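Data block for input-v9.cif (mmCIF, C-alpha atoms):
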data_target
loop_
_atom_site.label_atom_id
_atom_site.label_comp_id
_atom_site.auth_asym_id
_atom_site.auth_seq_id
_atom_site.Cartn_x
_atom_site.Cartn_y
_atom_site.Cartn_z
CA MET A 1 -9.72 -44.58 -52.77
CA SER A 2 -7.32 -44.48 -55.73
CA VAL A 3 -6.76 -40.70 -55.77
CA ILE A 4 -6.84 -38.82 -52.49
CA PRO A 5 -7.92 -35.24 -53.14
CA GLY A 6 -6.81 -32.28 -51.12
CA ALA A 7 -4.30 -29.47 -50.76
CA TRP A 8 -1.52 -31.98 -50.19
CA ARG A 9 -1.42 -32.63 -53.95
CA ARG A 10 -0.62 -29.07 -54.92
CA THR A 11 1.83 -28.87 -52.02
CA ALA A 12 3.69 -31.96 -53.24
CA ALA A 13 3.54 -30.70 -56.81
CA GLY A 14 4.87 -27.31 -55.77
CA ALA A 15 7.78 -29.00 -54.03
CA GLY A 16 8.48 -31.12 -57.11
CA LEU A 17 7.66 -34.36 -55.31
CA LEU A 18 4.47 -35.43 -57.14
CA ALA A 19 5.10 -37.86 -60.00
CA SER A 20 2.87 -38.13 -63.06
CA ASP A 21 1.38 -41.36 -61.70
CA GLY A 22 0.36 -39.62 -58.46
CA THR A 23 3.06 -41.12 -56.23
CA VAL A 24 5.01 -38.88 -53.87
CA ALA A 25 8.79 -39.10 -53.84
CA PRO A 26 10.85 -38.51 -50.70
CA THR A 27 12.75 -35.24 -50.56
CA ILE A 28 16.34 -35.31 -51.73
CA PHE A 29 17.34 -34.49 -48.15
CA ALA A 30 15.66 -37.63 -46.82
CA GLU A 31 17.17 -39.67 -49.63
CA MET A 32 20.69 -38.40 -49.08
CA SER A 33 20.52 -38.69 -45.29
CA ALA A 34 19.39 -42.29 -45.70
CA ALA A 35 22.35 -42.85 -48.03
CA ALA A 36 24.69 -41.43 -45.40
CA ALA A 37 23.28 -43.77 -42.76
CA ARG A 38 23.46 -46.77 -45.11
CA THR A 39 27.02 -46.20 -46.30
CA GLY A 40 28.62 -44.49 -43.32
CA ALA A 41 29.30 -41.44 -45.49
CA ILE A 42 29.96 -38.02 -43.98
CA ASN A 43 26.71 -36.08 -44.27
CA LEU A 44 27.44 -32.65 -45.74
CA GLY A 45 23.95 -32.57 -47.20
CA GLN A 46 21.60 -31.32 -44.50
CA GLY A 47 22.34 -28.07 -42.71
CA PHE A 48 22.57 -29.04 -39.08
CA PRO A 49 25.64 -28.61 -36.86
CA ASP A 50 27.34 -31.55 -35.16
CA GLN A 51 28.21 -29.53 -32.04
CA ASP A 52 25.96 -28.06 -29.37
CA GLY A 53 25.50 -24.35 -28.89
CA PRO A 54 26.69 -22.10 -26.04
CA ALA A 55 26.69 -23.68 -22.60
CA GLU A 56 24.75 -20.87 -20.96
CA VAL A 57 21.90 -21.31 -23.43
CA LEU A 58 21.77 -25.07 -22.84
CA GLU A 59 21.86 -24.55 -19.09
CA ALA A 60 19.02 -22.03 -19.27
CA ALA A 61 16.86 -24.68 -20.97
CA ARG A 62 17.69 -27.21 -18.24
CA GLU A 63 16.82 -24.67 -15.58
CA ALA A 64 13.53 -23.84 -17.29
CA ILE A 65 12.54 -27.50 -17.37
CA ALA A 66 13.51 -27.98 -13.72
CA SER A 67 11.59 -24.89 -12.66
CA GLY A 68 8.36 -26.03 -14.33
CA ALA A 69 8.28 -24.21 -17.66
CA ASN A 70 6.74 -27.28 -19.29
CA GLN A 71 3.17 -26.23 -20.07
CA TYR A 72 1.68 -23.99 -22.75
CA PRO A 73 3.42 -20.63 -23.00
CA PRO A 74 1.42 -17.56 -24.10
CA GLY A 75 0.27 -17.69 -27.72
CA ARG A 76 2.54 -14.88 -28.88
CA GLY A 77 5.51 -16.25 -26.91
CA ILE A 78 6.78 -15.73 -23.38
CA PRO A 79 7.19 -12.02 -22.54
CA ASP A 80 10.92 -12.32 -21.84
CA LEU A 81 11.66 -13.79 -25.27
CA LEU A 82 9.48 -11.19 -26.99
CA ALA A 83 11.42 -8.52 -25.12
CA ALA A 84 14.76 -10.15 -26.02
CA ILE A 85 13.82 -10.21 -29.73
CA SER A 86 12.91 -6.52 -29.56
CA GLU A 87 16.16 -5.71 -27.74
CA HIS A 88 18.15 -7.72 -30.30
CA GLN A 89 16.66 -5.82 -33.26
CA ARG A 90 17.43 -2.48 -31.60
CA ARG A 91 20.93 -3.52 -30.53
CA PHE A 92 22.12 -4.86 -33.87
CA TYR A 93 20.04 -2.94 -36.41
CA GLY A 94 18.47 0.12 -34.74
CA LEU A 95 14.97 -1.24 -35.38
CA GLU A 96 12.27 -0.32 -32.88
CA VAL A 97 9.91 -3.28 -32.39
CA ASP A 98 6.99 -3.30 -29.94
CA PRO A 99 7.37 -6.66 -28.13
CA GLN A 100 3.70 -6.80 -27.19
CA ARG A 101 2.14 -6.00 -30.56
CA GLU A 102 4.72 -6.57 -33.30
CA VAL A 103 6.36 -9.96 -32.57
CA ILE A 104 5.24 -13.62 -32.59
CA VAL A 105 7.33 -16.60 -31.52
CA THR A 106 6.88 -19.53 -33.93
CA ALA A 107 7.90 -23.15 -34.43
CA GLY A 108 11.01 -22.19 -36.31
CA ALA A 109 11.27 -19.89 -39.31
CA THR A 110 9.46 -22.45 -41.46
CA GLU A 111 6.22 -22.07 -39.50
CA ALA A 112 6.61 -18.29 -39.49
CA LEU A 113 6.93 -18.33 -43.27
CA THR A 114 4.06 -20.76 -43.85
CA ALA A 115 1.72 -18.94 -41.47
CA THR A 116 2.59 -15.66 -43.19
CA LEU A 117 1.83 -16.99 -46.65
CA LEU A 118 -1.40 -18.65 -45.55
CA ALA A 119 -2.48 -15.46 -43.81
CA LEU A 120 -1.69 -12.94 -46.53
CA ILE A 121 -2.35 -14.76 -49.81
CA ASP A 122 -5.93 -14.15 -50.90
CA GLY A 123 -6.45 -16.29 -53.99
CA PRO A 124 -5.02 -18.01 -57.07
CA ASP A 125 -4.27 -14.73 -58.83
CA ASP A 126 -1.79 -13.72 -56.12
CA GLU A 127 1.88 -14.22 -56.89
CA VAL A 128 4.93 -14.66 -54.66
CA VAL A 129 8.27 -13.58 -56.13
CA VAL A 130 11.39 -15.41 -54.90
CA PHE A 131 15.01 -15.63 -55.94
CA GLU A 132 15.92 -18.96 -57.54
CA PRO A 133 17.44 -21.30 -56.34
CA TYR A 134 15.19 -21.13 -53.28
CA TYR A 135 14.89 -22.94 -49.96
CA ASP A 136 12.70 -25.93 -50.74
CA SER A 137 9.83 -25.10 -48.37
CA TYR A 138 9.07 -21.87 -50.24
CA ALA A 139 7.53 -23.52 -53.28
CA ALA A 140 5.59 -26.00 -51.13
CA ALA A 141 4.17 -23.26 -48.89
CA VAL A 142 3.24 -21.02 -51.82
CA ALA A 143 1.43 -23.93 -53.46
CA LEU A 144 -0.34 -24.83 -50.21
CA ALA A 145 -1.55 -21.23 -49.93
CA GLY A 146 -2.90 -21.45 -53.47
CA ALA A 147 -0.74 -18.76 -55.06
CA ARG A 148 1.61 -18.71 -58.03
CA LEU A 149 5.39 -18.76 -57.67
CA ARG A 150 7.40 -16.31 -59.79
CA THR A 151 11.17 -16.67 -59.74
CA VAL A 152 14.17 -14.47 -60.46
CA PRO A 153 17.31 -16.48 -61.27
CA LEU A 154 20.61 -16.09 -59.43
CA ARG A 155 23.64 -16.94 -61.53
CA ALA A 156 27.10 -18.11 -60.57
CA PRO A 157 29.63 -17.00 -59.56
CA ASP A 158 28.23 -14.20 -57.34
CA PHE A 159 24.54 -15.22 -57.39
CA GLN A 160 23.28 -11.62 -57.47
CA PRO A 161 20.00 -11.04 -59.32
CA ASP A 162 19.63 -9.03 -62.50
CA LEU A 163 17.61 -5.99 -61.41
CA GLN A 164 15.81 -5.75 -64.75
CA ARG A 165 14.60 -9.32 -64.43
CA LEU A 166 13.51 -8.58 -60.86
CA ALA A 167 11.51 -5.58 -62.05
CA GLU A 168 9.87 -7.70 -64.75
CA ALA A 169 8.89 -10.39 -62.22
CA VAL A 170 7.17 -8.02 -59.79
CA THR A 171 3.77 -6.90 -61.08
CA ASP A 172 0.41 -5.78 -59.74
CA HIS A 173 -0.33 -9.48 -59.16
CA THR A 174 2.58 -9.71 -56.73
CA ARG A 175 1.28 -10.12 -53.19
CA ILE A 176 4.61 -10.95 -51.54
CA ILE A 177 8.28 -10.49 -52.41
CA LEU A 178 10.15 -13.13 -50.42
CA VAL A 179 13.82 -12.37 -49.76
CA ASN A 180 16.20 -14.89 -48.16
CA ASP A 181 19.36 -13.03 -47.10
CA PRO A 182 21.97 -14.43 -46.45
CA HIS A 183 20.77 -16.84 -49.07
CA ASN A 184 20.30 -20.59 -48.92
CA PRO A 185 21.50 -22.50 -50.92
CA THR A 186 23.91 -20.17 -52.74
CA GLY A 187 25.55 -18.34 -49.81
CA ALA A 188 24.94 -14.98 -51.47
CA VAL A 189 24.51 -11.79 -49.46
CA PHE A 190 22.51 -9.30 -51.50
CA ASP A 191 24.00 -5.88 -52.03
CA ARG A 192 22.17 -2.73 -51.03
CA ALA A 193 21.08 -1.98 -54.60
CA VAL A 194 19.14 -5.26 -54.67
CA LEU A 195 17.45 -4.55 -51.35
CA ALA A 196 16.58 -0.99 -52.41
CA GLU A 197 15.04 -2.26 -55.65
CA VAL A 198 12.90 -4.73 -53.71
CA VAL A 199 11.59 -1.86 -51.57
CA ARG A 200 10.94 0.32 -54.63
CA LEU A 201 9.02 -2.43 -56.40
CA ALA A 202 7.02 -3.28 -53.28
CA HIS A 203 5.83 0.33 -53.06
CA LEU A 204 5.18 0.54 -56.80
CA HIS A 205 3.01 -2.59 -56.82
CA ASP A 206 1.67 -2.45 -53.24
CA ALA A 207 3.35 -5.73 -52.30
CA ILE A 208 4.40 -7.00 -48.89
CA ILE A 209 8.05 -7.85 -48.28
CA VAL A 210 8.73 -11.03 -46.31
CA THR A 211 12.31 -11.78 -45.31
CA ASP A 212 13.97 -14.99 -44.20
CA GLU A 213 17.02 -13.92 -42.19
CA VAL A 214 17.90 -17.10 -40.30
CA TYR A 215 21.60 -16.69 -41.21
CA GLU A 216 21.69 -13.04 -40.08
CA HIS A 217 24.64 -13.56 -37.72
CA LEU A 218 26.52 -15.72 -40.20
CA ALA A 219 27.47 -13.12 -42.81
CA PHE A 220 31.24 -13.21 -43.25
CA HIS A 221 32.45 -9.97 -44.80
CA ALA A 222 30.08 -7.25 -43.60
CA PRO A 223 27.30 -6.98 -41.02
CA HIS A 224 23.90 -8.20 -42.14
CA THR A 225 21.51 -5.49 -43.37
CA PRO A 226 17.84 -6.28 -42.70
CA ILE A 227 15.70 -4.93 -45.49
CA ALA A 228 13.39 -3.41 -42.86
CA THR A 229 16.13 -0.86 -42.07
CA LEU A 230 15.92 0.68 -45.54
CA PRO A 231 13.84 3.86 -46.01
CA GLY A 232 10.18 3.05 -46.64
CA ALA A 233 10.55 -0.66 -45.93
CA ALA A 234 9.50 -1.21 -42.31
CA GLU A 235 5.83 -0.38 -42.81
CA ARG A 236 5.40 -3.20 -45.34
CA THR A 237 7.98 -5.77 -44.17
CA LEU A 238 7.63 -8.93 -42.09
CA THR A 239 11.05 -10.03 -40.83
CA ILE A 240 11.53 -13.73 -40.03
CA SER A 241 14.44 -15.29 -38.20
CA SER A 242 15.17 -18.13 -35.79
CA ALA A 243 17.54 -19.38 -33.14
CA GLY A 244 18.52 -22.68 -34.73
CA LYS A 245 21.38 -21.53 -36.93
CA THR A 246 22.83 -18.85 -34.65
CA PHE A 247 22.87 -21.02 -31.52
CA SER A 248 23.38 -24.47 -33.11
CA ALA A 249 19.99 -25.60 -31.80
CA THR A 250 18.12 -26.50 -34.97
CA GLY A 251 16.03 -29.12 -33.16
CA TRP A 252 14.55 -26.63 -30.71
CA LYS A 253 12.53 -24.95 -33.49
CA ILE A 254 12.28 -21.49 -31.94
CA GLY A 255 11.66 -18.82 -34.56
CA TRP A 256 9.94 -15.47 -34.76
CA VAL A 257 8.40 -12.93 -37.07
CA HIS A 258 8.06 -9.21 -36.48
CA GLY A 259 6.56 -6.33 -38.37
CA PRO A 260 3.66 -3.87 -38.37
CA ALA A 261 1.01 -4.79 -35.79
CA GLU A 262 -1.78 -5.21 -38.33
CA LEU A 263 0.29 -7.67 -40.37
CA ILE A 264 1.38 -9.54 -37.25
CA THR A 265 -2.27 -9.84 -36.16
CA ALA A 266 -3.09 -11.41 -39.53
CA VAL A 267 -0.23 -13.91 -39.20
CA LEU A 268 -1.13 -14.74 -35.58
CA THR A 269 -4.71 -15.47 -36.62
CA VAL A 270 -3.41 -18.34 -38.78
CA LYS A 271 -0.41 -19.38 -36.68
CA GLN A 272 -2.54 -20.03 -33.57
CA TYR A 273 -4.32 -22.80 -35.48
CA LEU A 274 -1.10 -24.44 -36.65
CA THR A 275 1.16 -25.27 -33.70
CA TYR A 276 -0.63 -22.84 -31.34
CA VAL A 277 2.55 -22.66 -29.21
CA ASN A 278 5.82 -24.57 -28.90
CA GLY A 279 9.08 -25.02 -27.05
CA SER A 280 8.10 -23.66 -23.64
CA PRO A 281 11.44 -24.37 -21.85
CA PHE A 282 13.46 -23.39 -24.92
CA GLN A 283 11.97 -19.91 -25.15
CA PRO A 284 13.67 -18.55 -21.99
CA ALA A 285 16.90 -20.21 -23.12
CA ILE A 286 16.83 -18.38 -26.45
CA ALA A 287 16.15 -15.13 -24.59
CA VAL A 288 19.46 -15.77 -22.82
CA GLY A 289 21.14 -16.46 -26.16
CA LEU A 290 19.93 -13.26 -27.79
CA ARG A 291 21.45 -11.30 -24.93
CA LEU A 292 24.92 -12.86 -25.19
CA ASP A 293 27.77 -10.41 -25.66
CA ASP A 294 29.02 -9.25 -29.04
CA HIS A 295 31.99 -11.63 -28.96
CA PHE A 296 29.72 -14.64 -29.25
CA PHE A 297 28.08 -13.39 -32.45
CA ALA A 298 31.38 -12.28 -34.00
CA ASP A 299 33.00 -15.61 -33.15
CA ALA A 300 30.08 -17.56 -34.64
CA ALA A 301 30.60 -15.85 -38.00
CA SER A 302 34.39 -16.06 -38.02
CA THR A 303 34.41 -19.72 -36.97
CA LEU A 304 32.00 -20.67 -39.74
CA ALA A 305 33.95 -18.61 -42.28
CA ARG A 306 37.06 -20.59 -41.36
CA LYS A 307 35.19 -23.85 -41.83
CA HIS A 308 34.13 -22.73 -45.30
CA GLU A 309 37.77 -22.02 -46.12
CA ILE A 310 38.73 -25.55 -45.06
CA LEU A 311 35.88 -27.10 -47.03
CA GLY A 312 36.55 -24.92 -50.07
CA ALA A 313 40.24 -25.82 -50.13
CA GLY A 314 39.37 -29.50 -49.95
CA LEU A 315 36.85 -29.19 -52.77
CA ARG A 316 39.37 -27.39 -54.97
CA SER A 317 41.96 -30.08 -54.28
CA ALA A 318 39.44 -32.66 -55.46
CA GLY A 319 38.87 -30.75 -58.71
CA PHE A 320 35.65 -28.85 -58.01
CA THR A 321 35.19 -25.24 -59.06
CA VAL A 322 34.19 -23.50 -55.83
CA HIS A 323 31.93 -20.45 -55.49
CA PRO A 324 32.88 -19.07 -52.05
CA PRO A 325 29.84 -18.06 -49.97
CA GLN A 326 29.32 -14.66 -48.40
CA GLY A 327 27.25 -16.08 -45.56
CA GLY A 328 25.32 -19.05 -44.23
CA TYR A 329 26.00 -22.75 -43.81
CA PHE A 330 26.65 -23.80 -47.42
CA THR A 331 29.35 -23.80 -50.09
CA VAL A 332 28.31 -24.30 -53.72
CA ALA A 333 30.75 -26.06 -56.05
CA ASP A 334 30.62 -27.02 -59.72
CA ALA A 335 31.25 -30.73 -60.32
CA THR A 336 31.19 -30.56 -64.13
CA ASP A 337 34.95 -31.05 -64.53
CA LEU A 338 34.68 -34.21 -62.40
CA GLY A 339 32.04 -35.76 -64.61
CA GLY A 340 29.23 -34.24 -62.58
CA ALA A 341 27.37 -32.34 -65.30
CA ASP A 342 24.30 -34.12 -63.96
CA ALA A 343 24.66 -33.17 -60.29
CA VAL A 344 21.66 -35.26 -59.24
CA ALA A 345 23.27 -38.46 -60.52
CA PHE A 346 26.64 -37.27 -59.21
CA CYS A 347 25.28 -36.78 -55.67
CA ARG A 348 23.50 -40.14 -55.71
CA ALA A 349 26.78 -41.86 -56.56
CA LEU A 350 28.95 -39.78 -54.21
CA PRO A 351 28.28 -41.68 -50.94
CA GLU A 352 29.52 -44.95 -52.41
CA ARG A 353 32.30 -43.39 -54.43
CA ALA A 354 33.75 -40.94 -51.92
CA GLY A 355 32.01 -41.54 -48.60
CA VAL A 356 30.53 -38.03 -48.62
CA VAL A 357 26.93 -36.81 -49.01
CA ALA A 358 25.97 -33.54 -50.72
CA ILE A 359 22.83 -32.07 -52.30
CA PRO A 360 22.42 -31.08 -55.97
CA LEU A 361 21.39 -27.47 -56.47
CA ALA A 362 18.71 -28.74 -58.84
CA ALA A 363 16.74 -29.67 -55.70
CA PHE A 364 16.21 -25.94 -55.10
CA VAL A 365 14.96 -24.87 -58.54
CA SER A 366 11.86 -25.21 -60.69
CA ASP A 367 11.75 -27.91 -63.35
CA GLU A 368 12.19 -25.45 -66.20
CA ARG A 369 15.47 -24.12 -64.76
CA ARG A 370 17.08 -27.35 -63.63
CA GLY A 371 19.38 -27.30 -66.64
CA ASP A 372 20.80 -23.92 -65.62
CA TYR A 373 22.16 -25.41 -62.39
CA ALA A 374 22.86 -28.93 -63.62
CA GLY A 375 26.46 -29.26 -62.42
CA LEU A 376 26.19 -27.40 -59.12
CA VAL A 377 26.38 -29.13 -55.73
CA ARG A 378 25.76 -27.78 -52.21
CA PHE A 379 27.99 -28.83 -49.30
CA ALA A 380 27.32 -27.98 -45.63
CA ALA A 381 30.25 -26.43 -43.73
CA CYS A 382 28.53 -26.39 -40.32
CA LYS A 383 30.44 -29.43 -39.05
CA ARG A 384 33.46 -29.96 -36.83
CA VAL A 385 36.79 -29.07 -38.41
CA GLU A 386 38.03 -32.65 -38.24
CA VAL A 387 34.90 -33.85 -40.04
CA LEU A 388 35.41 -31.31 -42.83
CA GLU A 389 39.07 -32.28 -43.12
CA GLU A 390 38.17 -35.96 -43.38
CA ALA A 391 35.52 -35.18 -46.01
CA ALA A 392 38.11 -33.19 -47.97
CA ARG A 393 40.56 -36.10 -47.75
CA ARG A 394 37.95 -38.58 -48.99
CA LEU A 395 36.96 -36.34 -51.91
CA ALA A 396 40.56 -35.66 -52.94
CA SER A 397 41.37 -39.38 -52.96
CA SER A 398 38.29 -40.25 -55.02
CA PHE A 399 38.76 -38.00 -58.06
#

Taking this structure as input, can you express it in the form of structure tokens?
Amino acid sequence: MSVIPGAWRRTAAGAGLLASDGTVAPTIFAEMSAAAARTGAINLGQGFPDQDGPAEVLEAAREAIASGANQYPPGRGIPDLLAAISEHQRRFYGLEVDPQREVIVTAGATEALTATLLALIDGPDDEVVVFEPYYDSYAAAVALAGARLRTVPLRAPDFQPDLQRLAEAVTDHTRIILVNDPHNPTGAVFDRAVLAEVVRLAHLHDAIIVTDEVYEHLAFHAPHTPIATLPGAAERTLTISSAGKTFSATGWKIGWVHGPAELITAVLTVKQYLTYVNGSPFQPAIAVGLRLDDHFFADAASTLARKHEILGAGLRSAGFTVHPPQGGYFTVADATDLGGADAVAFCRALPERAGVVAIPLAAFVSDERRGDYAGLVRFAACKRVEVLEEAARRLASSF
């Protein structure tokens, strides 16, 4: 069979991985991680920490395994984690969430997002509006669901959207407005005017708001504002988050989505035929994590902010122009002055040249906008301080 038909083709095409001859390229993340392994370079490409999370959360997982929590949990999630998610939303944001009807535990935020898109998109005329650059799974999931992706560009240095362009992108064809805040890959935190305009446009065009808030506890300069807290937003918003980033447990893949019961029922109808359930012993552990005291969450943000300062200083010393993030794992820097006007080629050469791996921002944009982000590179700051300092030393000595 020379050409294998199926939804995989549009998924690969949506992700920018399908070549004109029908072959599928590896993701840039796989390519760069392989380069790190081959060369011994420091991997500042993928966003995973190199330290474990809080000891009490790890111990709770061990206890759950030892006590027999190793079979299928309930389809929506174990009751204690559902309750902990509800308590967390009330404690930090004043949101009232019914743990029995308005929450689902998922296999990370990625499954929550994909299940939501598959559940709520109804045909090829539906559109999903996202801010660009965008997390790479968005385009793939939109394509898999059979919808069209509409993008609103974010421009350096602050990566805030133009509200007029946002209003032009959202139309009566818009089924979902997808907001990632704090934003990956740019590190932007959207101001209240942006969030309010999203809510206004959703009401105007009867769209659903879907949020990806996995970096909610890693905003550096002000507390995170969930869009569901804005007037008129909660009744049409599905809020997605996960434990991986907050608790340095990205491999556990415990996420969740909450929102109006009728929307959650729609998402659950699809989600139960994807993973069904996952992470039985990790669910009680994350319930413990969500109930940690305020100092843990404040320290997580301040520690990461300090790591960004170390990374940013090292990048500036090497000659990069740095765009300091407002939240999240990543710092974006412009490599143009270092001969990196083509950031894809620059990142492919970087492991051999400097012993450091990074990701070009072009990996997070549509083909037609790649030129707008050609010199921009994303570096992960979620590593140990000594690793960041060594990466900075290598970069400074290489340019």

For stretch 99-109 of chain A, work out the shell of residues within 10 Å, counting all atoms listed in the file and skipping chain neighbours fewer than 4 positions away, then give it as a ChimeraX atom specification. /A:74-87,113-115,212-214,238-244,250-265,267-268,271-272,274-279,283

Translate the PyMOL selection byres ((chain A and resi 391) around 8) into a concrete residue list for this structure, as a list in words. Ile42, Gly314, Gly355, Val356, Val387, Leu388, Glu389, Glu390, Ala392, Arg393, Arg394 and Leu395 of chain A

Within 12 Å of A:Glu197 using only C-alpha atoms, minus same-chain residues under 2 positions, as a count of residues only: 29

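The two atoms in question, atom CA of A:Ala141 and atom CA of A:Ala15, are spaced 8.5 Å apart.
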
Which one is closest to A:Tyr329: A:Val288, A:Ala313, A:Val210, A:Ala300? Count only C-alpha atoms. A:Ala300

Could you give me, as a PyMOL selection string, the residues that have an atom at most 9 Å away from the point (1.6, -22.3, -52.3) in the coordinates of the file, using all atoms listed in the file? chain A and resi 10-11+14+114+117-118+121+128+138-149

Any chance you could resolve the PyMOL selection byres ((chain A and resi 53) around 6) against this file and give the residues as a PyMOL selection string? chain A and resi 52+54+247-248

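Of the listed residues A:Ile65, A:Ala249, A:Ala349, A:Ala381, the one whose atoms come nearest to A:Thr303 is A:Ala381, with distances taken using only C-alpha atoms.
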
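Closest to A:Leu315 among A:Phe379, A:Tyr273, A:Phe330, A:Phe297 is A:Phe379, based on all atoms listed in the file.
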
Considering all atoms listed in the file, state which residue in the set A:Thr116, A:Pro281, A:Val270, A:His88 is at the smallest distance from A:Thr237. A:Thr116

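What separates atom CA of A:Gln51 from atom CA of A:Ala318 is a distance of 26.2 Å.
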
Nearby residues (all atoms listed in the file) at most 12 Å from A:Ala305, same-chain spacing under 6 positions excluded, as a PyMOL selection string: chain A and resi 187+217-221+298-299+311-312+324-331+380-383+385

Report as lines of an AutoDock Vina configuration file the centre and the edge lengths, in Å to one decimal, of the axis-aligned box holding every listed atom of stretch 65-80 of chain A, padded by 8 Å on each side.
center_x = 6.9
center_y = -20.0
center_z = -20.8
size_x = 29.2
size_y = 32.0
size_z = 32.2

Place N, CA, C and O atoms on stretch 25-38 of chain A and deliver the coordinates as an mmCIF file, in the frame of the given file.
data_model
loop_
_atom_site.group_PDB
_atom_site.id
_atom_site.type_symbol
_atom_site.label_atom_id
_atom_site.label_comp_id
_atom_site.auth_asym_id
_atom_site.auth_seq_id
_atom_site.Cartn_x
_atom_site.Cartn_y
_atom_site.Cartn_z
ATOM 1 N N ALA A 25 7.394 -38.718 -54.079
ATOM 2 C CA ALA A 25 8.790 -39.100 -53.840
ATOM 3 C C ALA A 25 9.263 -38.511 -52.522
ATOM 4 O O ALA A 25 8.780 -37.470 -52.087
ATOM 5 N N PRO A 26 10.239 -39.141 -51.869
ATOM 6 C CA PRO A 26 10.850 -38.510 -50.700
ATOM 7 C C PRO A 26 11.668 -37.301 -51.134
ATOM 8 O O PRO A 26 12.086 -37.195 -52.294
ATOM 9 N N THR A 27 11.890 -36.376 -50.231
ATOM 10 C CA THR A 27 12.750 -35.240 -50.560
ATOM 11 C C THR A 27 14.179 -35.734 -50.774
ATOM 12 O O THR A 27 14.578 -36.790 -50.273
ATOM 13 N N ILE A 28 14.943 -34.951 -51.500
ATOM 14 C CA ILE A 28 16.340 -35.310 -51.730
ATOM 15 C C ILE A 28 17.113 -35.325 -50.417
ATOM 16 O O ILE A 28 18.069 -36.080 -50.246
ATOM 17 N N PHE A 29 16.658 -34.526 -49.442
ATOM 18 C CA PHE A 29 17.340 -34.490 -48.150
ATOM 19 C C PHE A 29 17.150 -35.806 -47.404
ATOM 20 O O PHE A 29 18.092 -36.353 -46.830
ATOM 21 N N ALA A 30 15.912 -36.329 -47.436
ATOM 22 C CA ALA A 30 15.660 -37.630 -46.820
ATOM 23 C C ALA A 30 16.437 -38.723 -47.528
ATOM 24 O O ALA A 30 17.020 -39.614 -46.899
ATOM 25 N N GLU A 31 16.454 -38.663 -48.856
ATOM 26 C CA GLU A 31 17.170 -39.670 -49.630
ATOM 27 C C GLU A 31 18.659 -39.665 -49.337
ATOM 28 O O GLU A 31 19.284 -40.716 -49.113
ATOM 29 N N MET A 32 19.243 -38.490 -49.289
ATOM 30 C CA MET A 32 20.690 -38.400 -49.080
ATOM 31 C C MET A 32 21.066 -38.717 -47.629
ATOM 32 O O MET A 32 22.112 -39.326 -47.375
ATOM 33 N N SER A 33 20.230 -38.327 -46.681
ATOM 34 C CA SER A 33 20.520 -38.690 -45.290
ATOM 35 C C SER A 33 20.432 -40.197 -45.086
ATOM 36 O O SER A 33 21.225 -40.780 -44.344
ATOM 37 N N ALA A 34 19.475 -40.831 -45.763
ATOM 38 C CA ALA A 34 19.390 -42.290 -45.700
ATOM 39 C C ALA A 34 20.630 -42.926 -46.317
ATOM 40 O O ALA A 34 21.147 -43.938 -45.813
ATOM 41 N N ALA A 35 21.130 -42.335 -47.404
ATOM 42 C CA ALA A 35 22.350 -42.850 -48.030
ATOM 43 C C ALA A 35 23.541 -42.720 -47.096
ATOM 44 O O ALA A 35 24.398 -43.607 -47.030
ATOM 45 N N ALA A 36 23.597 -41.604 -46.358
ATOM 46 C CA ALA A 36 24.690 -41.430 -45.400
ATOM 47 C C ALA A 36 24.631 -42.491 -44.316
ATOM 48 O O ALA A 36 25.660 -43.079 -43.942
ATOM 49 N N ALA A 37 23.426 -42.752 -43.809
ATOM 50 C CA ALA A 37 23.280 -43.770 -42.760
ATOM 51 C C ALA A 37 23.615 -45.161 -43.286
ATOM 52 O O ALA A 37 24.237 -45.976 -42.587
ATOM 53 N N ARG A 38 23.236 -45.440 -44.536
ATOM 54 C CA ARG A 38 23.460 -46.770 -45.110
ATOM 55 C C ARG A 38 24.924 -47.032 -45.398
ATOM 56 O O ARG A 38 25.422 -48.154 -45.216
#
